[in-house]
file run19.pdb (PDB, C-alpha atoms)
ATOM      1  CA  MET A  18     -28.899 -17.622  24.113
ATOM      2  CA  ARG A  19     -28.932 -15.543  20.958
ATOM      3  CA  PHE A  20     -26.996 -16.626  17.847
ATOM      4  CA  GLY A  21     -24.514 -13.775  18.178
ATOM      5  CA  ASP A  22     -23.895 -14.495  21.861
ATOM      6  CA  ALA A  23     -23.249 -18.185  21.184
ATOM      7  CA  ARG A  24     -20.901 -17.389  18.314
ATOM      8  CA  ARG A  25     -19.005 -14.865  20.438
ATOM      9  CA  ARG A  26     -18.642 -17.327  23.311
ATOM     10  CA  LEU A  27     -17.316 -20.036  20.982
ATOM     11  CA  LEU A  28     -14.959 -17.612  19.240
ATOM     12  CA  ASP A  29     -13.544 -16.333  22.534
ATOM     13  CA  ALA A  30     -13.012 -19.893  23.746
ATOM     14  CA  ALA A  31     -11.373 -20.921  20.464
ATOM     15  CA  ILE A  32      -8.971 -17.960  20.642
ATOM     16  CA  GLU A  33      -8.061 -18.858  24.219
ATOM     17  CA  PHE A  34      -7.477 -22.514  23.287
ATOM     18  CA  VAL A  35      -5.331 -21.720  20.240
ATOM     19  CA  ALA A  36      -3.292 -19.215  22.254
ATOM     20  CA  ALA A  37      -2.637 -21.805  24.958
ATOM     21  CA  HIS A  38      -2.144 -24.923  22.834
ATOM     22  CA  GLY A  39      -1.383 -23.818  19.289
ATOM     23  CA  MET A  40      -3.104 -25.214  16.223
ATOM     24  CA  THR A  41      -0.680 -27.828  14.891
ATOM     25  CA  ASP A  42      -2.770 -30.739  13.606
ATOM     26  CA  LEU A  43      -5.829 -29.242  15.298
ATOM     27  CA  SER A  44      -8.986 -30.590  13.711
ATOM     28  CA  LEU A  45     -12.372 -28.970  14.013
ATOM     29  CA  ARG A  46     -13.707 -32.078  15.763
ATOM     30  CA  ARG A  47     -10.961 -32.019  18.372
ATOM     31  CA  LEU A  48     -11.405 -28.287  18.940
ATOM     32  CA  ALA A  49     -15.161 -28.771  19.325
ATOM     33  CA  GLY A  50     -14.524 -31.400  21.987
ATOM     34  CA  GLU A  51     -12.092 -29.122  23.817
ATOM     35  CA  LEU A  52     -14.659 -26.310  23.750
ATOM     36  CA  GLY A  53     -17.488 -28.520  25.000
ATOM     37  CA  THR A  54     -19.499 -28.199  21.810
ATOM     38  CA  SER A  55     -20.028 -30.193  18.634
ATOM     39  CA  HIS A  56     -18.378 -30.209  15.237
ATOM     40  CA  ARG A  57     -21.776 -29.368  13.736
ATOM     41  CA  MET A  58     -22.201 -26.343  15.977
ATOM     42  CA  LEU A  59     -18.855 -24.898  14.895
ATOM     43  CA  ILE A  60     -19.809 -25.457  11.242
ATOM     44  CA  HIS A  61     -23.154 -23.782  11.950
ATOM     45  CA  HIS A  62     -21.495 -20.645  13.318
ATOM     46  CA  PHE A  63     -18.350 -20.422  11.160
ATOM     47  CA  GLY A  64     -19.094 -22.399   7.995
ATOM     48  CA  SER A  65     -15.891 -24.466   7.988
ATOM     49  CA  LYS A  66     -12.590 -24.924   9.778
ATOM     50  CA  GLU A  67     -11.100 -22.294   7.492
ATOM     51  CA  GLY A  68     -13.991 -19.959   8.324
ATOM     52  CA  LEU A  69     -13.227 -20.354  12.016
ATOM     53  CA  TRP A  70      -9.528 -19.658  11.433
ATOM     54  CA  VAL A  71     -10.417 -16.449   9.574
ATOM     55  CA  ALA A  72     -12.783 -15.433  12.396
ATOM     56  CA  ILE A  73     -10.019 -15.999  14.960
ATOM     57  CA  VAL A  74      -7.524 -13.936  12.973
ATOM     58  CA  ARG A  75      -9.996 -11.092  12.512
ATOM     59  CA  GLU A  76     -10.885 -10.973  16.190
ATOM     60  CA  VAL A  77      -7.269 -11.112  17.348
ATOM     61  CA  GLU A  78      -6.426  -8.342  14.855
ATOM     62  CA  ARG A  79      -9.342  -6.299  16.202
ATOM     63  CA  ARG A  80      -8.062  -6.682  19.753
ATOM     64  CA  GLN A  81      -4.528  -5.714  18.778
ATOM     65  CA  LEU A  82      -5.792  -2.675  16.898
ATOM     66  CA  ALA A  83      -7.686  -1.656  20.020
ATOM     67  CA  ALA A  84      -4.405  -1.942  21.939
ATOM     68  CA  VAL A  85      -2.854   0.605  19.586
ATOM     69  CA  ALA A  86      -4.987   3.195  21.348
ATOM     70  CA  ASP A  87      -2.706   2.730  24.365
ATOM     71  CA  LEU A  88       0.120   4.143  22.270
ATOM     72  CA  VAL A  89      -1.491   7.578  21.995
ATOM     73  CA  PRO A  90       1.618   9.425  23.017
ATOM     74  CA  ASP A  91       2.175  11.077  26.337
ATOM     75  CA  PRO A  92       4.206  14.231  25.664
ATOM     76  CA  ASP A  93       6.899  12.861  27.961
ATOM     77  CA  VAL A  94       7.193   9.491  26.176
ATOM     78  CA  SER A  95       9.637   9.352  23.294
ATOM     79  CA  PHE A  96       8.931   7.673  19.985
ATOM     80  CA  ALA A  97      11.656   5.132  20.779
ATOM     81  CA  ASP A  98      10.188   4.173  24.165
ATOM     82  CA  ALA A  99       6.653   3.926  22.785
ATOM     83  CA  THR A 100       7.845   1.734  19.908
ATOM     84  CA  ARG A 101       9.827  -0.538  22.207
ATOM     85  CA  ALA A 102       6.771  -0.981  24.439
ATOM     86  CA  TRP A 103       4.633  -1.900  21.435
ATOM     87  CA  TRP A 104       7.255  -4.337  20.113
ATOM     88  CA  ARG A 105       7.494  -6.053  23.519
ATOM     89  CA  HIS A 106       3.728  -6.451  23.480
ATOM     90  CA  ILE A 107       3.279  -7.675  19.910
ATOM     91  CA  SER A 108       6.283 -10.045  20.015
ATOM     92  CA  ASP A 109       5.418 -11.661  23.336
ATOM     93  CA  PRO A 110       5.495 -15.477  23.062
ATOM     94  CA  SER A 111       1.918 -15.666  24.366
ATOM     95  CA  LEU A 112       0.799 -14.220  21.012
ATOM     96  CA  TRP A 113       2.879 -16.527  18.806
ATOM     97  CA  PRO A 114       0.183 -19.169  18.204
ATOM     98  CA  ASN A 115      -2.238 -16.507  16.986
ATOM     99  CA  GLU A 116       0.479 -14.898  14.877
ATOM    100  CA  ARG A 117       1.353 -18.226  13.268
ATOM    101  CA  LEU A 118      -2.317 -18.602  12.428
ATOM    102  CA  PHE A 119      -2.361 -15.075  10.996
ATOM    103  CA  PHE A 120       0.494 -15.828   8.608
ATOM    104  CA  GLU A 121      -1.026 -19.169   7.609
ATOM    105  CA  VAL A 122      -4.380 -17.613   6.789
ATOM    106  CA  TYR A 123      -2.683 -14.628   5.126
ATOM    107  CA  GLY A 124      -0.818 -17.035   2.835
ATOM    108  CA  GLN A 125      -4.053 -18.815   1.934
ATOM    109  CA  GLY A 126      -5.640 -15.463   1.151
ATOM    110  CA  LEU A 127      -2.771 -14.532  -1.163
ATOM    111  CA  GLN A 128      -3.463 -17.746  -3.058
ATOM    112  CA  GLY A 129      -7.086 -16.658  -3.477
ATOM    113  CA  ARG A 130      -8.479 -19.425  -1.289
ATOM    114  CA  ALA A 131     -11.880 -18.731   0.244
ATOM    115  CA  PRO A 132     -12.708 -17.668   2.872
ATOM    116  CA  ALA A 133      -9.137 -16.575   3.677
ATOM    117  CA  ALA A 134      -9.096 -14.170   0.710
ATOM    118  CA  GLU A 135     -11.651 -12.037   2.573
ATOM    119  CA  LEU A 136      -8.937 -11.236   5.118
ATOM    120  CA  LEU A 137      -6.965  -9.274   2.532
ATOM    121  CA  ASP A 138      -9.546  -6.491   2.528
ATOM    122  CA  GLY A 139      -8.053  -3.946   4.924
ATOM    123  CA  VAL A 140      -5.318  -6.220   6.263
ATOM    124  CA  VAL A 141      -2.756  -3.446   5.703
ATOM    125  CA  ASP A 142      -4.809  -0.248   5.747
ATOM    126  CA  SER A 143      -6.463  -1.120   9.056
ATOM    127  CA  TRP A 144      -3.011  -0.818  10.663
ATOM    128  CA  VAL A 145      -1.632   2.020   8.546
ATOM    129  CA  GLU A 146      -4.353   4.481   9.540
ATOM    130  CA  PRO A 147      -3.954   4.305  13.348
ATOM    131  CA  ALA A 148      -0.153   4.179  13.072
ATOM    132  CA  ALA A 149      -0.184   7.246  10.833
ATOM    133  CA  GLU A 150      -2.493   9.044  13.265
ATOM    134  CA  ILE A 151      -0.052   8.411  16.097
ATOM    135  CA  ALA A 152       2.816   9.675  13.933
ATOM    136  CA  VAL A 153       0.852  12.841  13.158
ATOM    137  CA  ARG A 154       0.257  13.383  16.877
ATOM    138  CA  LEU A 155       3.993  13.017  17.385
ATOM    139  CA  GLY A 156       4.548  15.830  14.912
ATOM    140  CA  LEU A 157       4.963  14.314  11.446
ATOM    141  CA  ASP A 158       3.182  15.846   8.495
ATOM    142  CA  ARG A 159       0.519  13.493   7.212
ATOM    143  CA  ASP A 160       2.182  13.119   3.808
ATOM    144  CA  VAL A 161       5.222  11.735   5.645
ATOM    145  CA  ALA A 162       3.293   9.872   8.362
ATOM    146  CA  VAL A 163       1.262   7.650   6.020
ATOM    147  CA  PRO A 164       4.155   6.084   4.049
ATOM    148  CA  TRP A 165       6.190   5.854   7.264
ATOM    149  CA  ALA A 166       3.306   3.973   8.910
ATOM    150  CA  ARG A 167       2.993   1.595   5.949
ATOM    151  CA  LEU A 168       6.698   0.840   6.151
ATOM    152  CA  GLY A 169       6.363   0.344   9.904
ATOM    153  CA  VAL A 170       3.613  -2.245   9.395
ATOM    154  CA  ALA A 171       5.814  -4.071   6.887
ATOM    155  CA  VAL A 172       8.834  -3.982   9.209
ATOM    156  CA  THR A 173       6.857  -5.219  12.200
ATOM    157  CA  ARG A 174       5.197  -8.068  10.306
ATOM    158  CA  GLY A 175       8.469  -9.028   8.672
ATOM    159  CA  LEU A 176      10.275  -9.166  12.000
ATOM    160  CA  LEU A 177       7.445 -11.162  13.553
ATOM    161  CA  LEU A 178       7.705 -13.666  10.711
ATOM    162  CA  ASP A 179      11.474 -13.778  11.216
ATOM    163  CA  LEU A 180      11.024 -14.380  14.953
ATOM    164  CA  LEU A 181       8.502 -17.166  14.400
ATOM    165  CA  ALA A 182      10.700 -18.805  11.761
ATOM    166  CA  THR A 183      14.086 -18.529  13.476
ATOM    167  CA  GLY A 184      13.374 -18.010  17.162
ATOM    168  CA  ASP A 185      16.376 -15.669  17.188
ATOM    169  CA  ARG A 186      15.093 -13.105  19.654
ATOM    170  CA  GLU A 187      18.412 -11.298  20.010
ATOM    171  CA  ALA A 188      18.835 -10.731  16.271
ATOM    172  CA  VAL A 189      15.227  -9.707  15.720
ATOM    173  CA  ASP A 190      15.261  -7.280  18.647
ATOM    174  CA  ALA A 191      18.482  -5.784  17.275
ATOM    175  CA  ALA A 192      16.792  -5.298  13.895
ATOM    176  CA  MET A 193      13.884  -3.530  15.596
ATOM    177  CA  GLU A 194      16.363  -1.267  17.390
ATOM    178  CA  GLN A 195      17.833  -0.420  13.998
ATOM    179  CA  TRP A 196      14.362   0.495  12.698
ATOM    180  CA  ILE A 197      13.845   2.720  15.742
ATOM    181  CA  ALA A 198      17.233   4.381  15.182
ATOM    182  CA  VAL A 199      16.406   5.067  11.527
ATOM    183  CA  SER A 200      12.970   6.468  12.380
ATOM    184  CA  GLU A 201      13.773   8.449  15.488
ATOM    185  CA  PRO A 202      15.360  11.473  13.730
ATOM    186  CA  LEU A 203      12.081  12.064  11.876
ATOM    187  CA  PHE A 204      10.264  12.483  15.174
ATOM    188  CA  GLU A 205      13.046  14.402  16.905
ATOM    189  CA  ASN A 206      13.133  16.888  14.027
ATOM    190  CA  ALA A 207       9.329  17.180  14.153
ATOM    191  CA  ARG A 208       9.478  17.966  17.886
ATOM    192  CA  ARG A 209      12.068  20.682  17.332
ATOM    193  CA  ALA A 210      10.277  22.240  14.362
ATOM    194  CA  PRO A 211       8.484  25.521  15.181
ATOM    195  CA  ALA A 212       4.722  25.302  15.343
ATOM    196  CA  ALA A 213       2.910  26.538  12.241
ATOM    197  CA  PRO A 214       1.317  29.986  12.730
ATOM    198  CA  ARG A 215      -2.417  29.966  13.324
ATOM    199  CA  ALA A 216      -4.595  31.414  10.617
ATOM    200  CA  GLY A 217      -6.444  34.623  11.400
TER     201      GLY A 217
END

call {"tool": "encode", "arguments": {"input": "run19.pdb", "output": "structure tokens"}}
result
Amino acid sequence: MRFGDARRRLLDAAIEFVAAHGMTDLSLRRLAGELGTSHRMLIHHFGSKEGLWVAIVREVERRQLAAVADLVPDPDVSFADATRAWWRHISDPSLWPNERLFFEVYGQGLQGRAPAAELLDGVVDSWVEPAAEIAVRLGLDRDVAVPWARLGVAVTRGLLLDLLATGDREAVDAAMEQWIAVSEPLFENARRAPAAPRAG
């Protein structure tokens, strides 16, 4: 088995384990045992426990970014319905262990701790760009879509943190509905705006 294949297999298994069991008090040695490998092998592939945590966060983020592609709007799907579908997906309890890990590693990165600090490179822009692209497809001008998308990333992450901290699903869902209500007129106005004349 090639190095990359072995690393991928271990990473996939680690993500599955963390999603199912969480990571509270999870040592690298215990995780190695659960994955049927050795502590040394995990160090070999990921450098440290922190390196493995960063790898998990990056891969989960990559998968969630890929899921954004499913939001490419159908002309018959409203902004509100598409946003509610995405919120149901991203706030599902099955993702909470990985999201707790994301915020833990994010916090370490903000403190400049290696290797978590590497996560900060693109941690916002990687989400802003696809969200802005969707907003443009829904009719917003790009100079409006980009700051709207950045705010949307902040709102979503803030509400996820709120949900993880309080467990108050009803209140957090209500806050998301308020965000949708504030945003929806932008998209409704864009839909009603006349198309720009074609050059030539």

call {"tool": "closest_residue", "arguments": {"input": "run19.pdb", "among": "A:Asp109, A:Glu51, A:Glu33, A:Asp142", "to": "A:Val77", "atoms": "all atoms listed in the file"}}
result
A:Glu33

call {"tool": "resolve_selection", "arguments": {"input": "run19.pdb", "expression": "the PyMOL selection byres ((chain A and resi 203) around 10)", "output": "PDB file with C-alpha atoms, in the coordinates of the input"}}
result
ATOM      1  CA  PHE A  96       8.931   7.673  19.985  1.00  0.00           C
ATOM      2  CA  ALA A 152       2.816   9.675  13.933  1.00  0.00           C
ATOM      3  CA  LEU A 155       3.993  13.017  17.385  1.00  0.00           C
ATOM      4  CA  GLY A 156       4.548  15.830  14.912  1.00  0.00           C
ATOM      5  CA  LEU A 157       4.963  14.314  11.446  1.00  0.00           C
ATOM      6  CA  VAL A 161       5.222  11.735   5.645  1.00  0.00           C
ATOM      7  CA  ALA A 162       3.293   9.872   8.362  1.00  0.00           C
ATOM      8  CA  TRP A 165       6.190   5.854   7.264  1.00  0.00           C
ATOM      9  CA  ALA A 198      17.233   4.381  15.182  1.00  0.00           C
ATOM     10  CA  VAL A 199      16.406   5.067  11.527  1.00  0.00           C
ATOM     11  CA  SER A 200      12.970   6.468  12.380  1.00  0.00           C
ATOM     12  CA  GLU A 201      13.773   8.449  15.488  1.00  0.00           C
ATOM     13  CA  PRO A 202      15.360  11.473  13.730  1.00  0.00           C
ATOM     14  CA  PHE A 204      10.264  12.483  15.174  1.00  0.00           C
ATOM     15  CA  GLU A 205      13.046  14.402  16.905  1.00  0.00           C
ATOM     16  CA  ASN A 206      13.133  16.888  14.027  1.00  0.00           C
ATOM     17  CA  ALA A 207       9.329  17.180  14.153  1.00  0.00           C
ATOM     18  CA  ARG A 208       9.478  17.966  17.886  1.00  0.00           C
TER      19      ARG A 208
END

call {"tool": "residues_near_point", "arguments": {"input": "run19.pdb", "point": "(-10.0, -17.5, 2.2)", "cutoff": "10 Å", "atoms": "all atoms listed in the file", "output": "ChimeraX atom specification"}}
result
/A:67-68,70-71,122-137

call {"tool": "resolve_selection", "arguments": {"input": "run19.pdb", "expression": "the PyMOL selection byres ((chain A and resi 43-46) around 10)", "output": "JSON, numbers by chain"}}
result
{"A": [35, 38, 39, 40, 41, 42, 47, 48, 49, 50, 51, 52, 54, 55, 56, 57, 59, 60, 65, 66, 67, 69]}

call {"tool": "atom_distance", "arguments": {"input": "run19.pdb", "atom1": "atom CA of A:Val170", "atom2": "atom CA of A:Ala188"}}
result
18.7 Å

call {"tool": "residues_around", "arguments": {"input": "run19.pdb", "residues": "A:Gln81", "least_positions_apart": "3", "cutoff": "12 Å", "atoms": "only C-alpha atoms", "output": "NGL selection string"}}
result
:A and (74-78 or 84-88 or 103-104 or 106-108 or 112 or 115-116 or 143-144 or 147)

call {"tool": "atom_distance", "arguments": {"input": "run19.pdb", "atom1": "atom CA of A:Leu118", "atom2": "atom CA of A:Ile73"}}
result
8.5 Å

call {"tool": "closest_residue", "arguments": {"input": "run19.pdb", "among": "A:Leu176, A:Leu168, A:Val163, A:Ile32", "to": "A:Met193", "atoms": "all atoms listed in the file"}}
result
A:Leu176

call {"tool": "atom_distance", "arguments": {"input": "run19.pdb", "atom1": "atom CA of A:Ala102", "atom2": "atom CA of A:Thr173"}}
result
13.0 Å

call {"tool": "closest_residue", "arguments": {"input": "run19.pdb", "among": "A:Gly169, A:Pro114, A:Ala149, A:Arg154", "to": "A:Leu181", "atoms": "all atoms listed in the file"}}
result
A:Pro114

call {"tool": "closest_residue", "arguments": {"input": "run19.pdb", "among": "A:Ala36, A:Glu187, A:Gln195, A:His62", "to": "A:Asp22", "atoms": "all atoms listed in the file"}}
result
A:His62

call {"tool": "closest_residue", "arguments": {"input": "run19.pdb", "among": "A:Ala99, A:Ala30, A:Ser111, A:Phe119", "to": "A:Arg174", "atoms": "all atoms listed in the file"}}
result
A:Phe119

call {"tool": "residues_around", "arguments": {"input": "run19.pdb", "residues": "A:Met58", "least_positions_apart": "5", "cutoff": "10 Å", "atoms": "only C-alpha atoms", "output": "list of chain:residue names"}}
result
A:Ala23, A:Arg24, A:Leu27, A:Ala49, A:Phe63, A:Gly64

call {"tool": "write_last_selection", "arguments": {"input": "run19.pdb", "atoms": "C-alpha atoms", "output": "PDB file, keeping the file's coordinate frame"}}
result
ATOM      1  CA  ALA A  23     -23.249 -18.185  21.184  1.00  0.00           C
ATOM      2  CA  ARG A  24     -20.901 -17.389  18.314  1.00  0.00           C
ATOM      3  CA  LEU A  27     -17.316 -20.036  20.982  1.00  0.00           C
ATOM      4  CA  ALA A  49     -15.161 -28.771  19.325  1.00  0.00           C
ATOM      5  CA  PHE A  63     -18.350 -20.422  11.160  1.00  0.00           C
ATOM      6  CA  GLY A  64     -19.094 -22.399   7.995  1.00  0.00           C
TER       7      GLY A  64
END

call {"tool": "closest_residue", "arguments": {"input": "run19.pdb", "among": "A:Asp158, A:Ala171, A:Ala97, A:Arg105", "to": "A:Asp190", "atoms": "all atoms listed in the file"}}
result
A:Arg105
